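As structure tokens, the structure follows; a few thoughts come after it.
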Amino acid sequence: MRAERMIATLLLLQARGRVTAAELATELEISVATARRDLEALSSAGVPVYPQPGRGGGWSLVGGARTDLSGLTGPESQALFTLVGPGASTSPEAQQAVRKLLRALPSPFRADAAAAAEAVRLDAGSWGEQRRSRPEVVDVVQQAVIDRRQVRVDYTNRTGQVSTVLLDPLGLVAKDDLWYLLATREDGPDVRTYRMDRVASVEVTAQPANRPEGFDLAREWQRVVSYVEERRARVRATVVVRRRHLWVLRDHFGTYLDVIGDAPAVGDEERIEVTLAAHTARSLAEQLAGWGSMIEVTGPEDVRRELARIGAELTAAYG
């Protein structure tokens with residue numbers, strides 16, 4: 001659910017007292033099904049919104065037509081900002097709305113609500129990863145971030161080595177349906193990144209987590225992204241592809257695809273020239289080999305040689 005829609009929905013409920021899914025859909029210019037899902041999401045998250053069936057029914061805030069958002073309880077406000085925060089990370093307008101809502105809360109609830117809003121960020125840019133389901137341990141770690149508690153995790157690194165580490169969790173980021181935890185360890189102040197699908201188990205301790213002064217999750221994640229993309233984009237190839245296939249190529253390569261411009265058509269087929277990046281020529285060739293004659297790799301020569309090698313191997317094996 002988008003943060004902007006959530007805030008608008010709550011304000012409409014506050015102003016009108018009761019709205020139907022159809023009325024909400026008209027006001028927010030969304031489908032009735034989407035409006036109903038948004039209302040159900042608010043209710044499931046613990047926000048005091050409930051449906052009243054029958055003629056003249058609809059959705060209402062508990063407490064009546066003039067219930068103010070500042071009337072939310074501590075757990076309710078935390079549930080709301082847990083949902084609002086991730087969506088607000090991609091919209092300056094939503095960030096401003098979150099700040100206004102925070103100011104409207106009673107002061108005892110603001111710290112927990114702010115922690116909930118800042119615990120998770122969404123990164124829409126693709127790294128071309130395969131889609132995965134959300135690991136169950138994400139919810140446990142997210143609550144630990146909000147509560148400022150250390151966690152002990154069993155983690156498998158990229159080489160397959162398993163270790164148990166005590167972490168100060170700082171925030172979670174979702175990218176390509178993969179979840180990443182940013183955290184520090186007791187052996188140093190450096191912020192490290194952990195893939196949550198490599199976490200086998202999580203134990204939340206009673207010890208308070210240390211949080212670097214001035215830590216900003218969005219800024220720190222951008223540093224991680226810049227480092228990773230620099231490493232993963234060391235080799236670039238120039239490729240000509242049929243325009244109708246561009247979306248498939250973009251879906252696979254994500255931010256590692258840049259469009260150069262139109263290329264000469266072949267018959268009635270419009271074509272477009274792009275550049276693609278990977279960390280090695282071999283890796284790039286392996287990703288492109290399955291496209292066969294649907295694409296034309298014009299350079300560099302080391303990528304073309306790798307493609308020729310792969311083709312020769314396939315011919316020898318299956319020709």
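Residue numbers start at 1 in each chain; chains themselves are named A, B, ... in the order of the structure tokens; ligands are numbered from 1 in the order shown.
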
Do you know which residues are at most 8 Å from Glu286 in chain A counting only C-alpha atoms, after dropping those on the same chain fewer than 4 positions away, and could you put them as number ranges by chain? A: 282, 290, 307, 310

Export, as an mmCIF file, in the first residue's frame, the selected residues with N, CA and C atoms.
```cif
data_model
loop_
_atom_site.group_PDB
_atom_site.id
_atom_site.type_symbol
_atom_site.label_atom_id
_atom_site.label_comp_id
_atom_site.auth_asym_id
_atom_site.auth_seq_id
_atom_site.Cartn_x
_atom_site.Cartn_y
_atom_site.Cartn_z
ATOM 1 N N ARG A 282 32.978 -12.787 -19.320
ATOM 2 C CA ARG A 282 32.396 -14.129 -19.307
ATOM 3 C C ARG A 282 30.967 -14.108 -18.768
ATOM 4 N N GLY A 290 21.798 -17.003 -24.328
ATOM 5 C CA GLY A 290 20.476 -17.574 -24.543
ATOM 6 C C GLY A 290 19.604 -16.783 -25.491
ATOM 7 N N LEU A 307 31.262 -15.262 -26.297
ATOM 8 C CA LEU A 307 30.054 -15.798 -26.930
ATOM 9 C C LEU A 307 30.423 -16.883 -27.948
ATOM 10 N N ILE A 310 31.290 -20.048 -26.054
ATOM 11 C CA ILE A 310 30.084 -20.730 -25.578
ATOM 12 C C ILE A 310 29.387 -21.440 -26.738
#
```

Using only C-alpha atoms, find the one residue out of A:Ala33, A:Val138, A:Val173, A:Val162 that sits nearest to Arg219 in chain A.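 For Arg219 in chain A, the nearest of the given residues is A:Val173.
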
Can you tell me, as a PyMOL selection string, what residues are no more than 12 Å from Val19 in chain A when counting only C-alpha atoms, ignoring any on the same chain fewer than 2 positions away? chain A and resi 9-17+21-27+35-36+39+49-53+56-61+65

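On the backbone of this structure, DSSP gives strand (DSSP E) within range 2-56 of chain A to Arg18, Val19, Val49, Tyr50, Pro51 and Gln52 of chain A.
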
Selection above as a file: N, CA and C atoms, as a PDB file, in the first residue's frame:
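out14.pdb written:
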```pdb
ATOM      1  N   ARG A  18     -17.234   7.917   7.835  1.00  0.00           N
ATOM      2  CA  ARG A  18     -17.445   6.600   7.226  1.00  0.00           C
ATOM      3  C   ARG A  18     -17.373   6.742   5.712  1.00  0.00           C
ATOM      4  N   VAL A  19     -16.667   5.822   5.056  1.00  0.00           N
ATOM      5  CA  VAL A  19     -16.610   5.814   3.594  1.00  0.00           C
ATOM      6  C   VAL A  19     -16.738   4.373   3.116  1.00  0.00           C
ATOM      7  N   VAL A  49      -9.505   0.718  12.218  1.00  0.00           N
ATOM      8  CA  VAL A  49     -10.432   0.897  11.101  1.00  0.00           C
ATOM      9  C   VAL A  49     -11.265  -0.377  11.002  1.00  0.00           C
ATOM     10  N   TYR A  50     -12.589  -0.239  10.915  1.00  0.00           N
ATOM     11  CA  TYR A  50     -13.404  -1.446  10.877  1.00  0.00           C
ATOM     12  C   TYR A  50     -14.543  -1.275   9.871  1.00  0.00           C
ATOM     13  N   PRO A  51     -15.003  -2.389   9.264  1.00  0.00           N
ATOM     14  CA  PRO A  51     -16.100  -2.320   8.302  1.00  0.00           C
ATOM     15  C   PRO A  51     -17.451  -2.525   8.990  1.00  0.00           C
ATOM     16  N   GLN A  52     -18.459  -1.881   8.457  1.00  0.00           N
ATOM     17  CA  GLN A  52     -19.829  -2.093   8.918  1.00  0.00           C
ATOM     18  C   GLN A  52     -20.659  -2.518   7.718  1.00  0.00           C
TER      19      GLN A  52
END
```

Using CA of Glu270 in chain A and CA of Ala289 in chain A as the two end points, give the distance in Å to one decimal. 21.4 Å

Quick check, in Å to one decimal: how far apart do CA of Ala312 in chain A and CA of Ala277 in chain A lie? 23.3 Å

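The two atoms in question, CA of Gly188 in chain A and CA of Leu167 in chain A, are spaced 10.7 Å apart.
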
Residue neighbourhood range 296-302 of chain A, 8 Å, only C-alpha atoms, exclusion window fewer than 3 positions, as a PDB file with N, CA and C atoms, in the first residue's frame:
```
ATOM      1  N   ARG A 236      31.267  -3.479 -20.067  1.00  0.00           N
ATOM      2  CA  ARG A 236      30.056  -3.073 -20.785  1.00  0.00           C
ATOM      3  C   ARG A 236      30.116  -3.572 -22.221  1.00  0.00           C
ATOM      4  N   ALA A 237      28.955  -4.055 -22.699  1.00  0.00           N
ATOM      5  CA  ALA A 237      28.837  -4.498 -24.088  1.00  0.00           C
ATOM      6  C   ALA A 237      27.775  -3.661 -24.786  1.00  0.00           C
ATOM      7  N   THR A 238      27.991  -3.426 -26.072  1.00  0.00           N
ATOM      8  CA  THR A 238      27.012  -2.725 -26.893  1.00  0.00           C
ATOM      9  C   THR A 238      26.197  -3.768 -27.649  1.00  0.00           C
ATOM     10  N   VAL A 239      24.883  -3.665 -27.535  1.00  0.00           N
ATOM     11  CA  VAL A 239      23.987  -4.694 -28.070  1.00  0.00           C
ATOM     12  C   VAL A 239      22.869  -4.028 -28.850  1.00  0.00           C
ATOM     13  N   VAL A 240      22.507  -4.640 -29.993  1.00  0.00           N
ATOM     14  CA  VAL A 240      21.349  -4.203 -30.773  1.00  0.00           C
ATOM     15  C   VAL A 240      20.262  -5.247 -30.586  1.00  0.00           C
ATOM     16  N   VAL A 241      19.075  -4.795 -30.189  1.00  0.00           N
ATOM     17  CA  VAL A 241      17.966  -5.704 -29.900  1.00  0.00           C
ATOM     18  C   VAL A 241      16.702  -5.186 -30.575  1.00  0.00           C
ATOM     19  N   ALA A 281      33.566 -10.169 -18.626  1.00  0.00           N
ATOM     20  CA  ALA A 281      33.120 -10.454 -19.990  1.00  0.00           C
ATOM     21  C   ALA A 281      32.445 -11.822 -20.055  1.00  0.00           C
ATOM     22  N   SER A 293      20.048 -15.346 -31.944  1.00  0.00           N
ATOM     23  CA  SER A 293      20.060 -14.347 -33.017  1.00  0.00           C
ATOM     24  C   SER A 293      19.105 -13.188 -32.764  1.00  0.00           C
ATOM     25  N   ARG A 305      34.202 -12.820 -28.113  1.00  0.00           N
ATOM     26  CA  ARG A 305      34.986 -14.057 -28.061  1.00  0.00           C
ATOM     27  C   ARG A 305      34.384 -15.050 -27.067  1.00  0.00           C
ATOM     28  N   GLU A 306      33.920 -14.543 -25.944  1.00  0.00           N
ATOM     29  CA  GLU A 306      33.292 -15.425 -24.961  1.00  0.00           C
ATOM     30  C   GLU A 306      32.014 -16.047 -25.535  1.00  0.00           C
TER      31      GLU A 306
END
```

For Val137 in chain A, please output as a ChimeraX atom specification all residues within 9 Å (counting only C-alpha atoms; exclusion window: fewer than 3 positions along the same chain). /A:134,140-142,196-197,199-202

Next, write the just-selected residues to a file, as a short mmCIF file (atom, residue, chain, number, x, y, z; two decimals), in the first residue's frame, keeping N, CA and C atoms as the atom set.
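Okay, this is what ended up in result_0.cif:
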```cif
data_model
loop_
_atom_site.label_atom_id
_atom_site.label_comp_id
_atom_site.auth_asym_id
_atom_site.auth_seq_id
_atom_site.Cartn_x
_atom_site.Cartn_y
_atom_site.Cartn_z
N ARG A 134 9.41 -13.24 0.74
CA ARG A 134 9.94 -12.53 1.92
C ARG A 134 10.25 -13.53 3.03
N VAL A 140 10.85 -10.40 12.34
CA VAL A 140 11.51 -10.41 13.65
C VAL A 140 12.57 -9.33 13.73
N VAL A 141 13.39 -9.24 12.68
CA VAL A 141 14.47 -8.24 12.67
C VAL A 141 13.89 -6.83 12.59
N GLN A 142 12.83 -6.65 11.81
CA GLN A 142 12.22 -5.33 11.71
C GLN A 142 11.76 -4.83 13.08
N MET A 196 19.03 -11.26 3.96
CA MET A 196 18.16 -11.94 4.90
C MET A 196 17.81 -13.36 4.48
N ASP A 197 17.93 -13.68 3.18
CA ASP A 197 17.66 -15.06 2.78
C ASP A 197 18.81 -15.99 3.15
N VAL A 199 19.99 -15.80 6.33
CA VAL A 199 19.86 -15.87 7.78
C VAL A 199 19.01 -17.08 8.13
N ALA A 200 19.58 -18.04 8.86
CA ALA A 200 18.85 -19.25 9.21
C ALA A 200 17.96 -19.05 10.43
N SER A 201 18.42 -18.25 11.40
CA SER A 201 17.64 -18.03 12.61
C SER A 201 18.02 -16.69 13.23
N VAL A 202 17.10 -16.13 14.02
CA VAL A 202 17.31 -14.85 14.68
C VAL A 202 16.89 -14.96 16.13
#
```
